[in-house]
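For reference, protein02.pdb is printed below; it contains PDB, C-alpha atoms, pLDDT in the B column.
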```
ATOM      1  CA  MET A   1      23.269  10.989  78.106  1.00 90.00           C
ATOM      2  CA  GLN A   2      20.914  12.548  80.605  1.00 91.00           C
ATOM      3  CA  LEU A   3      20.661  14.948  83.532  1.00 94.00           C
ATOM      4  CA  ALA A   4      20.703  13.665  87.105  1.00 95.00           C
ATOM      5  CA  LYS A   5      21.004  14.858  90.677  1.00 95.00           C
ATOM      6  CA  VAL A   6      23.543  13.284  93.023  1.00 95.00           C
ATOM      7  CA  ILE A   7      21.597  11.928  96.003  1.00 94.00           C
ATOM      8  CA  GLY A   8      24.157   9.896  97.916  1.00 93.00           C
ATOM      9  CA  THR A   9      27.416   8.015  98.088  1.00 93.00           C
ATOM     10  CA  VAL A  10      28.067   4.282  97.966  1.00 93.00           C
ATOM     11  CA  VAL A  11      30.851   2.489  99.836  1.00 92.00           C
ATOM     12  CA  ALA A  12      31.611  -1.122  98.919  1.00 91.00           C
ATOM     13  CA  THR A  13      34.520  -3.039 100.396  1.00 91.00           C
ATOM     14  CA  THR A  14      34.042  -6.310  98.573  1.00 90.00           C
ATOM     15  CA  LYS A  15      33.840  -5.620  94.858  1.00 89.00           C
ATOM     16  CA  ASP A  16      35.327  -6.518  91.508  1.00 90.00           C
ATOM     17  CA  SER A  17      39.029  -5.595  91.498  1.00 90.00           C
ATOM     18  CA  ALA A  18      38.525  -3.400  88.420  1.00 89.00           C
ATOM     19  CA  LEU A  19      36.346  -1.085  90.545  1.00 90.00           C
ATOM     20  CA  THR A  20      39.136  -0.378  93.058  1.00 91.00           C
ATOM     21  CA  GLY A  21      39.662   3.364  93.512  1.00 91.00           C
ATOM     22  CA  LEU A  22      36.541   4.396  91.649  1.00 92.00           C
ATOM     23  CA  LYS A  23      34.067   6.682  93.404  1.00 94.00           C
ATOM     24  CA  ILE A  24      30.476   5.461  93.351  1.00 93.00           C
ATOM     25  CA  LEU A  25      27.561   7.894  93.751  1.00 94.00           C
ATOM     26  CA  MET A  26      23.809   7.364  93.804  1.00 95.00           C
ATOM     27  CA  ILE A  27      22.092   9.530  91.212  1.00 95.00           C
ATOM     28  CA  GLN A  28      18.464  10.245  90.400  1.00 96.00           C
ATOM     29  CA  PRO A  29      17.976  10.706  86.629  1.00 94.00           C
ATOM     30  CA  LEU A  30      16.031  13.875  85.769  1.00 93.00           C
ATOM     31  CA  THR A  31      14.228  15.419  82.811  1.00 90.00           C
ATOM     32  CA  ASP A  32      15.085  18.933  81.647  1.00 88.00           C
ATOM     33  CA  GLU A  33      12.301  20.205  83.955  1.00 89.00           C
ATOM     34  CA  LEU A  34      14.243  18.530  86.805  1.00 90.00           C
ATOM     35  CA  LYS A  35      11.508  15.943  87.408  1.00 91.00           C
ATOM     36  CA  SER A  36      12.539  12.389  88.298  1.00 92.00           C
ATOM     37  CA  SER A  37      12.845  10.068  85.324  1.00 89.00           C
ATOM     38  CA  GLY A  38      12.943   6.433  86.459  1.00 89.00           C
ATOM     39  CA  GLY A  39      14.608   4.971  89.514  1.00 93.00           C
ATOM     40  CA  SER A  40      17.911   5.921  91.122  1.00 94.00           C
ATOM     41  CA  ILE A  41      21.164   4.440  89.823  1.00 94.00           C
ATOM     42  CA  ALA A  42      24.663   3.873  91.177  1.00 94.00           C
ATOM     43  CA  ALA A  43      27.135   5.618  88.861  1.00 95.00           C
ATOM     44  CA  ILE A  44      30.909   5.996  88.779  1.00 94.00           C
ATOM     45  CA  ASP A  45      32.080   9.593  89.216  1.00 94.00           C
ATOM     46  CA  THR A  46      34.751  11.004  86.877  1.00 93.00           C
ATOM     47  CA  VAL A  47      34.427  14.709  87.758  1.00 93.00           C
ATOM     48  CA  GLN A  48      34.509  14.857  91.583  1.00 93.00           C
ATOM     49  CA  ALA A  49      30.796  15.634  91.893  1.00 94.00           C
ATOM     50  CA  GLY A  50      29.196  15.972  95.338  1.00 92.00           C
ATOM     51  CA  ILE A  51      25.782  15.442  96.879  1.00 94.00           C
ATOM     52  CA  ASP A  52      23.022  17.711  95.443  1.00 94.00           C
ATOM     53  CA  ASP A  53      25.098  18.547  92.333  1.00 94.00           C
ATOM     54  CA  LEU A  54      23.217  18.597  89.029  1.00 95.00           C
ATOM     55  CA  VAL A  55      25.277  16.428  86.694  1.00 95.00           C
ATOM     56  CA  HIS A  56      25.165  14.854  83.269  1.00 94.00           C
ATOM     57  CA  TRP A  57      25.882  11.162  82.946  1.00 94.00           C
ATOM     58  CA  VAL A  58      26.210   8.498  80.321  1.00 93.00           C
ATOM     59  CA  THR A  59      25.021   4.917  80.324  1.00 90.00           C
ATOM     60  CA  ALA A  60      25.742   1.641  78.499  1.00 89.00           C
ATOM     61  CA  ARG A  61      29.168   0.798  77.033  1.00 86.00           C
ATOM     62  CA  GLU A  62      30.069   4.497  76.884  1.00 88.00           C
ATOM     63  CA  ALA A  63      30.175   4.675  80.682  1.00 90.00           C
ATOM     64  CA  ALA A  64      33.250   2.450  80.764  1.00 91.00           C
ATOM     65  CA  LEU A  65      34.877   4.580  78.047  1.00 89.00           C
ATOM     66  CA  ALA A  66      34.762   7.561  80.421  1.00 89.00           C
ATOM     67  CA  LEU A  67      37.136   5.792  82.808  1.00 91.00           C
ATOM     68  CA  PRO A  68      40.939   5.564  82.596  1.00 89.00           C
ATOM     69  CA  ASP A  69      40.722   1.800  82.057  1.00 88.00           C
ATOM     70  CA  SER A  70      37.813   1.173  79.691  1.00 83.00           C
ATOM     71  CA  PHE A  71      37.537  -2.607  80.224  1.00 89.00           C
ATOM     72  CA  VAL A  72      35.635  -2.403  83.520  1.00 90.00           C
ATOM     73  CA  PRO A  73      32.210  -3.651  84.638  1.00 92.00           C
ATOM     74  CA  VAL A  74      30.573  -0.203  84.717  1.00 92.00           C
ATOM     75  CA  ASP A  75      27.287   0.821  83.067  1.00 92.00           C
ATOM     76  CA  ALA A  76      26.766   4.372  84.342  1.00 94.00           C
ATOM     77  CA  ALA A  77      29.293   7.202  84.683  1.00 94.00           C
ATOM     78  CA  ILE A  78      28.961  10.855  85.655  1.00 95.00           C
ATOM     79  CA  THR A  79      30.679  12.948  82.963  1.00 94.00           C
ATOM     80  CA  GLY A  80      30.074  16.574  83.965  1.00 94.00           C
ATOM     81  CA  ILE A  81      28.722  19.022  86.539  1.00 95.00           C
ATOM     82  CA  VAL A  82      26.014  21.223  85.032  1.00 94.00           C
ATOM     83  CA  ASP A  83      26.362  24.984  85.634  1.00 93.00           C
ATOM     84  CA  GLN A  84      23.436  26.203  83.588  1.00 91.00           C
ATOM     85  CA  ILE A  85      20.579  25.013  81.386  1.00 90.00           C
ATOM     86  CA  ASP A  86      19.597  27.547  78.741  1.00 87.00           C
ATOM     87  CA  PHE A  87      16.075  27.420  77.277  1.00 85.00           C
ATOM     88  CA  SER A  88      16.269  30.287  74.784  1.00 76.00           C
ATOM     89  CA  SER A  89      13.982  28.958  72.052  1.00 64.00           C
ATOM     90  CA  LYS A  90      13.750  31.660  69.408  1.00 61.00           C
ATOM     91  CA  GLY A  91      11.695  30.730  66.353  1.00 54.00           C
ATOM     92  CA  ILE A  92       9.967  27.715  67.895  1.00 58.00           C
ATOM     93  CA  GLU A  93       6.591  28.826  66.431  1.00 61.00           C
ATOM     94  CA  ASP A  94       7.931  28.798  62.865  1.00 62.00           C
ATOM     95  CA  LYS A  95       9.011  25.209  63.301  1.00 62.00           C
ATOM     96  CA  GLN A  96       5.364  24.054  63.563  1.00 65.00           C
ATOM     97  CA  LYS A  97       5.229  24.275  59.749  1.00 77.00           C
ATOM     98  CA  ILE A  98       7.441  21.201  59.593  1.00 81.00           C
ATOM     99  CA  PHE A  99       4.520  18.900  60.425  1.00 83.00           C
ATOM    100  CA  GLU A 100       2.120  18.336  57.544  1.00 79.00           C
ATOM    101  CA  THR A 101      -0.703  15.841  57.400  1.00 74.00           C
TER     102      THR A 101
ATOM    103  CA  MET B   1      17.107   7.170  64.724  1.00 91.00           C
ATOM    104  CA  ILE B   2      14.417   9.154  66.492  1.00 93.00           C
ATOM    105  CA  LEU B   3      12.741  12.509  65.999  1.00 94.00           C
ATOM    106  CA  ALA B   4      13.256  15.101  68.715  1.00 94.00           C
ATOM    107  CA  ARG B   5      12.836  18.791  69.375  1.00 92.00           C
ATOM    108  CA  ILE B   6      15.754  20.766  70.783  1.00 93.00           C
ATOM    109  CA  LYS B   7      14.674  22.539  73.958  1.00 91.00           C
ATOM    110  CA  GLY B   8      17.887  24.152  75.132  1.00 91.00           C
ATOM    111  CA  ASN B   9      21.542  23.715  75.817  1.00 90.00           C
ATOM    112  CA  VAL B  10      23.555  22.618  78.809  1.00 92.00           C
ATOM    113  CA  VAL B  11      26.603  24.459  80.128  1.00 92.00           C
ATOM    114  CA  ALA B  12      29.163  22.580  82.203  1.00 92.00           C
ATOM    115  CA  THR B  13      32.609  23.814  83.238  1.00 93.00           C
ATOM    116  CA  VAL B  14      33.769  20.760  85.165  1.00 93.00           C
ATOM    117  CA  LYS B  15      33.389  17.845  82.765  1.00 92.00           C
ATOM    118  CA  HIS B  16      35.123  14.829  81.328  1.00 91.00           C
ATOM    119  CA  PRO B  17      37.974  16.027  79.044  1.00 91.00           C
ATOM    120  CA  CYS B  18      36.280  14.354  76.059  1.00 89.00           C
ATOM    121  CA  TYR B  19      33.386  16.834  76.307  1.00 90.00           C
ATOM    122  CA  ALA B  20      35.623  19.879  75.784  1.00 90.00           C
ATOM    123  CA  GLY B  21      34.419  21.681  72.661  1.00 89.00           C
ATOM    124  CA  GLN B  22      31.279  19.565  72.275  1.00 90.00           C
ATOM    125  CA  ARG B  23      27.850  21.219  72.279  1.00 92.00           C
ATOM    126  CA  LEU B  24      25.446  19.416  74.579  1.00 93.00           C
ATOM    127  CA  LEU B  25      21.747  20.030  73.848  1.00 94.00           C
ATOM    128  CA  ILE B  26      18.511  19.007  75.575  1.00 94.00           C
ATOM    129  CA  ALA B  27      16.376  16.885  73.245  1.00 94.00           C
ATOM    130  CA  GLN B  28      12.695  16.084  73.770  1.00 94.00           C
ATOM    131  CA  PRO B  29      11.585  13.033  71.747  1.00 95.00           C
ATOM    132  CA  ILE B  30       8.468  13.737  69.663  1.00 93.00           C
ATOM    133  CA  ASP B  31       6.094  11.757  67.455  1.00 91.00           C
ATOM    134  CA  GLU B  32       5.392  12.402  63.779  1.00 87.00           C
ATOM    135  CA  LYS B  33       2.737  15.009  64.701  1.00 86.00           C
ATOM    136  CA  GLY B  34       5.167  17.007  66.844  1.00 85.00           C
ATOM    137  CA  ASN B  35       3.761  15.910  70.223  1.00 89.00           C
ATOM    138  CA  ASP B  36       6.154  15.153  73.085  1.00 90.00           C
ATOM    139  CA  LYS B  37       6.843  11.454  73.616  1.00 91.00           C
ATOM    140  CA  GLY B  38       8.755  10.245  76.679  1.00 90.00           C
ATOM    141  CA  ASP B  39      11.407  11.973  78.769  1.00 91.00           C
ATOM    142  CA  SER B  40      14.025  14.417  77.536  1.00 92.00           C
ATOM    143  CA  PHE B  41      17.711  13.522  77.330  1.00 93.00           C
ATOM    144  CA  LEU B  42      21.028  15.079  76.285  1.00 94.00           C
ATOM    145  CA  ALA B  43      22.719  14.755  72.913  1.00 94.00           C
ATOM    146  CA  CYS B  44      25.927  15.992  71.319  1.00 93.00           C
ATOM    147  CA  ASP B  45      25.572  18.151  68.240  1.00 92.00           C
ATOM    148  CA  SER B  46      27.202  17.493  64.850  1.00 90.00           C
ATOM    149  CA  VAL B  47      24.990  19.719  62.640  1.00 92.00           C
ATOM    150  CA  GLN B  48      24.813  23.079  64.475  1.00 90.00           C
ATOM    151  CA  ALA B  49      21.230  22.507  65.630  1.00 90.00           C
ATOM    152  CA  ALA B  50      19.546  25.309  67.613  1.00 88.00           C
ATOM    153  CA  PRO B  51      16.782  25.430  70.245  1.00 89.00           C
ATOM    154  CA  GLY B  52      13.420  24.957  68.499  1.00 87.00           C
ATOM    155  CA  ASP B  53      14.817  22.779  65.706  1.00 89.00           C
ATOM    156  CA  VAL B  54      13.265  19.395  64.962  1.00 92.00           C
ATOM    157  CA  VAL B  55      16.162  16.982  64.545  1.00 93.00           C
ATOM    158  CA  LEU B  56      17.113  13.377  63.919  1.00 94.00           C
ATOM    159  CA  ILE B  57      19.076  11.787  66.749  1.00 95.00           C
ATOM    160  CA  GLU B  58      21.045   8.555  66.915  1.00 92.00           C
ATOM    161  CA  ARG B  59      20.790   6.994  70.374  1.00 90.00           C
ATOM    162  CA  GLU B  60      23.510   4.405  70.025  1.00 87.00           C
ATOM    163  CA  GLY B  61      27.068   4.761  71.188  1.00 83.00           C
ATOM    164  CA  ASN B  62      29.024   3.235  68.325  1.00 86.00           C
ATOM    165  CA  THR B  63      27.182   5.381  65.776  1.00 87.00           C
ATOM    166  CA  ALA B  64      27.725   8.482  67.879  1.00 86.00           C
ATOM    167  CA  ARG B  65      31.460   7.862  68.147  1.00 86.00           C
ATOM    168  CA  GLN B  66      31.795   7.221  64.408  1.00 87.00           C
ATOM    169  CA  ILE B  67      29.995  10.459  63.525  1.00 88.00           C
ATOM    170  CA  LEU B  68      31.982  12.540  65.998  1.00 86.00           C
ATOM    171  CA  GLY B  69      35.200  10.803  64.936  1.00 86.00           C
ATOM    172  CA  THR B  70      36.121   9.863  68.499  1.00 84.00           C
ATOM    173  CA  PRO B  71      36.405   6.072  68.724  1.00 86.00           C
ATOM    174  CA  ASN B  72      37.084   5.912  72.475  1.00 85.00           C
ATOM    175  CA  ASP B  73      35.016   8.744  73.909  1.00 87.00           C
ATOM    176  CA  PRO B  74      31.900   8.360  76.101  1.00 89.00           C
ATOM    177  CA  PHE B  75      29.226   9.720  73.753  1.00 90.00           C
ATOM    178  CA  HIS B  76      25.887   7.916  73.505  1.00 90.00           C
ATOM    179  CA  SER B  77      23.522  10.225  71.586  1.00 93.00           C
ATOM    180  CA  VAL B  78      24.323  12.507  68.665  1.00 93.00           C
ATOM    181  CA  ILE B  79      22.214  14.857  66.557  1.00 94.00           C
ATOM    182  CA  VAL B  80      22.708  13.845  62.923  1.00 93.00           C
ATOM    183  CA  GLY B  81      20.235  15.976  60.975  1.00 92.00           C
ATOM    184  CA  ILE B  82      17.868  18.956  61.061  1.00 92.00           C
ATOM    185  CA  VAL B  83      14.376  18.090  59.773  1.00 91.00           C
ATOM    186  CA  ASP B  84      12.833  20.381  57.150  1.00 89.00           C
ATOM    187  CA  LYS B  85       9.442  18.705  56.718  1.00 88.00           C
ATOM    188  CA  ILE B  86       7.491  15.644  57.866  1.00 89.00           C
ATOM    189  CA  THR B  87       4.485  14.521  55.833  1.00 88.00           C
ATOM    190  CA  THR B  88       2.160  11.898  57.264  1.00 85.00           C
TER     191      THR B  88
END
```

Before anything else, please render the file you have as structure tokens.
Amino acid sequence: MQLAKVIGTVVATTKDSALTGLKILMIQPLTDELKSSGGSIAAIDTVQAGIDDLVHWVTAREAALALPDSFVPVDAAITGIVDQIDFSSKGIEDKQKIFET
Amino acid sequence: MILARIKGNVVATVKHPCYAGQRLLIAQPIDEKGNDKGDSFLACDSVQAAPGDVVLIEREGNTARQILGTPNDPFHSVIVGIVDKITT
């Protein structure tokens, strides 16, 4: 589960029949600082995201579980459109006491 | 399981129905000294973790679904504990 930016769409005519009707988008995985994290990925969209949307997505077996039929050859799925990232970090200084050498 | 620090939370209105009611937090993996290690990712919460907390996270889908009690939902990472102390 990670953040990503939608950077494009993918159209494929010849594909596995289980992928019929699924929308494929190109996404660029991001860190919380919105820096690129690895290469771009083709992901199935479940939330009607568009280009330039900040989204969250899931990989591995869980990606197929996000789809109506979960026995499909899919390893990345967009699961939400991010409205806001909140970095309120009260008390972060106190937490330094956790680490003891 | 990995150690991570919670940096913030993510708000999404349009999302997969499975995510309704789930808290989604930004986790930064850290080493045993508290230094950042690798890129941040998102995790569901099962222990009411807050920004600033050092936590234990499972990054494996089957474990995440068992802990959240949702056998068919697309969750991959889940926060399973809040760390009190690490001695090295």

Exercise answer, chain B residues close to chain A, 9 Å and only C-alpha atoms, as a ChimeraX atom specification: /B:6-19,26-28,32-34,39-44,50-54,61-62,72-77,83-88

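Shortest atom-to-atom contact with B:Gly81 among B:Leu56, B:Asp31, B:Lys37, B:Leu24: B:Leu56, counting only C-alpha atoms.
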
Please provide as a PDB file with C-alpha atoms, in the frame of the given file all residues within 12 Å of A:Ser17, with the sequence filter that same-chain residues fewer than 5 positions apart are discarded (counting only C-alpha atoms).
```pdb
ATOM      1  CA  ALA A  12      31.611  -1.122  98.919  1.00 91.00           C
ATOM      2  CA  LEU A  22      36.541   4.396  91.649  1.00 92.00           C
ATOM      3  CA  PHE A  71      37.537  -2.607  80.224  1.00 89.00           C
ATOM      4  CA  VAL A  72      35.635  -2.403  83.520  1.00 90.00           C
ATOM      5  CA  PRO A  73      32.210  -3.651  84.638  1.00 92.00           C
TER       6      PRO A  73
END
```

Atomic distance atom CA of A:Thr9 - atom CA of A:Asp69, expressed in Å with one decimal: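 Atom-to-atom, atom CA of A:Thr9 and atom CA of A:Asp69 are spaced 21.7 Å apart.
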
Output check: residues returned by the PyMOL selection byres ((chain A and resi 8) around 7), as a list in words: Val6, Ile7, Thr9, Val10, Leu25, Met26 and Ile51 of chain A

Can you write just those residues out, C-alpha atoms, as a PDB file, keeping the file's coordinate frame?
```pdb
ATOM      1  CA  VAL A   6      23.543  13.284  93.023  1.00 95.00           C
ATOM      2  CA  ILE A   7      21.597  11.928  96.003  1.00 94.00           C
ATOM      3  CA  THR A   9      27.416   8.015  98.088  1.00 93.00           C
ATOM      4  CA  VAL A  10      28.067   4.282  97.966  1.00 93.00           C
ATOM      5  CA  LEU A  25      27.561   7.894  93.751  1.00 94.00           C
ATOM      6  CA  MET A  26      23.809   7.364  93.804  1.00 95.00           C
ATOM      7  CA  ILE A  51      25.782  15.442  96.879  1.00 94.00           C
TER       8      ILE A  51
END
```

Enclose stretch 42-56 of chain B, meaning all of its atoms listed in the file, in a box aligned along x, y and z, pad it by 6 Å on each side, and list the centre and edge lengths in Å to one decimal, as JSON.
```
{"center_x": 20.2, "center_y": 19.4, "center_z": 69.5, "size_x": 25.9, "size_y": 24.1, "size_z": 25.6}
```

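The coordinates place atom CA of B:Ala49 at 18.6 Å from atom CA of B:Gln66.
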
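The spacing separating atom CA of B:Ile30 from atom CA of B:Ile57 amounts to 11.2 Å.
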
Protein, DNA and RNA residues within 6 Å of (29.3, 17.5, 66.5), only C-alpha atoms, as a PyMOL selection string: chain B and resi 45-46+68
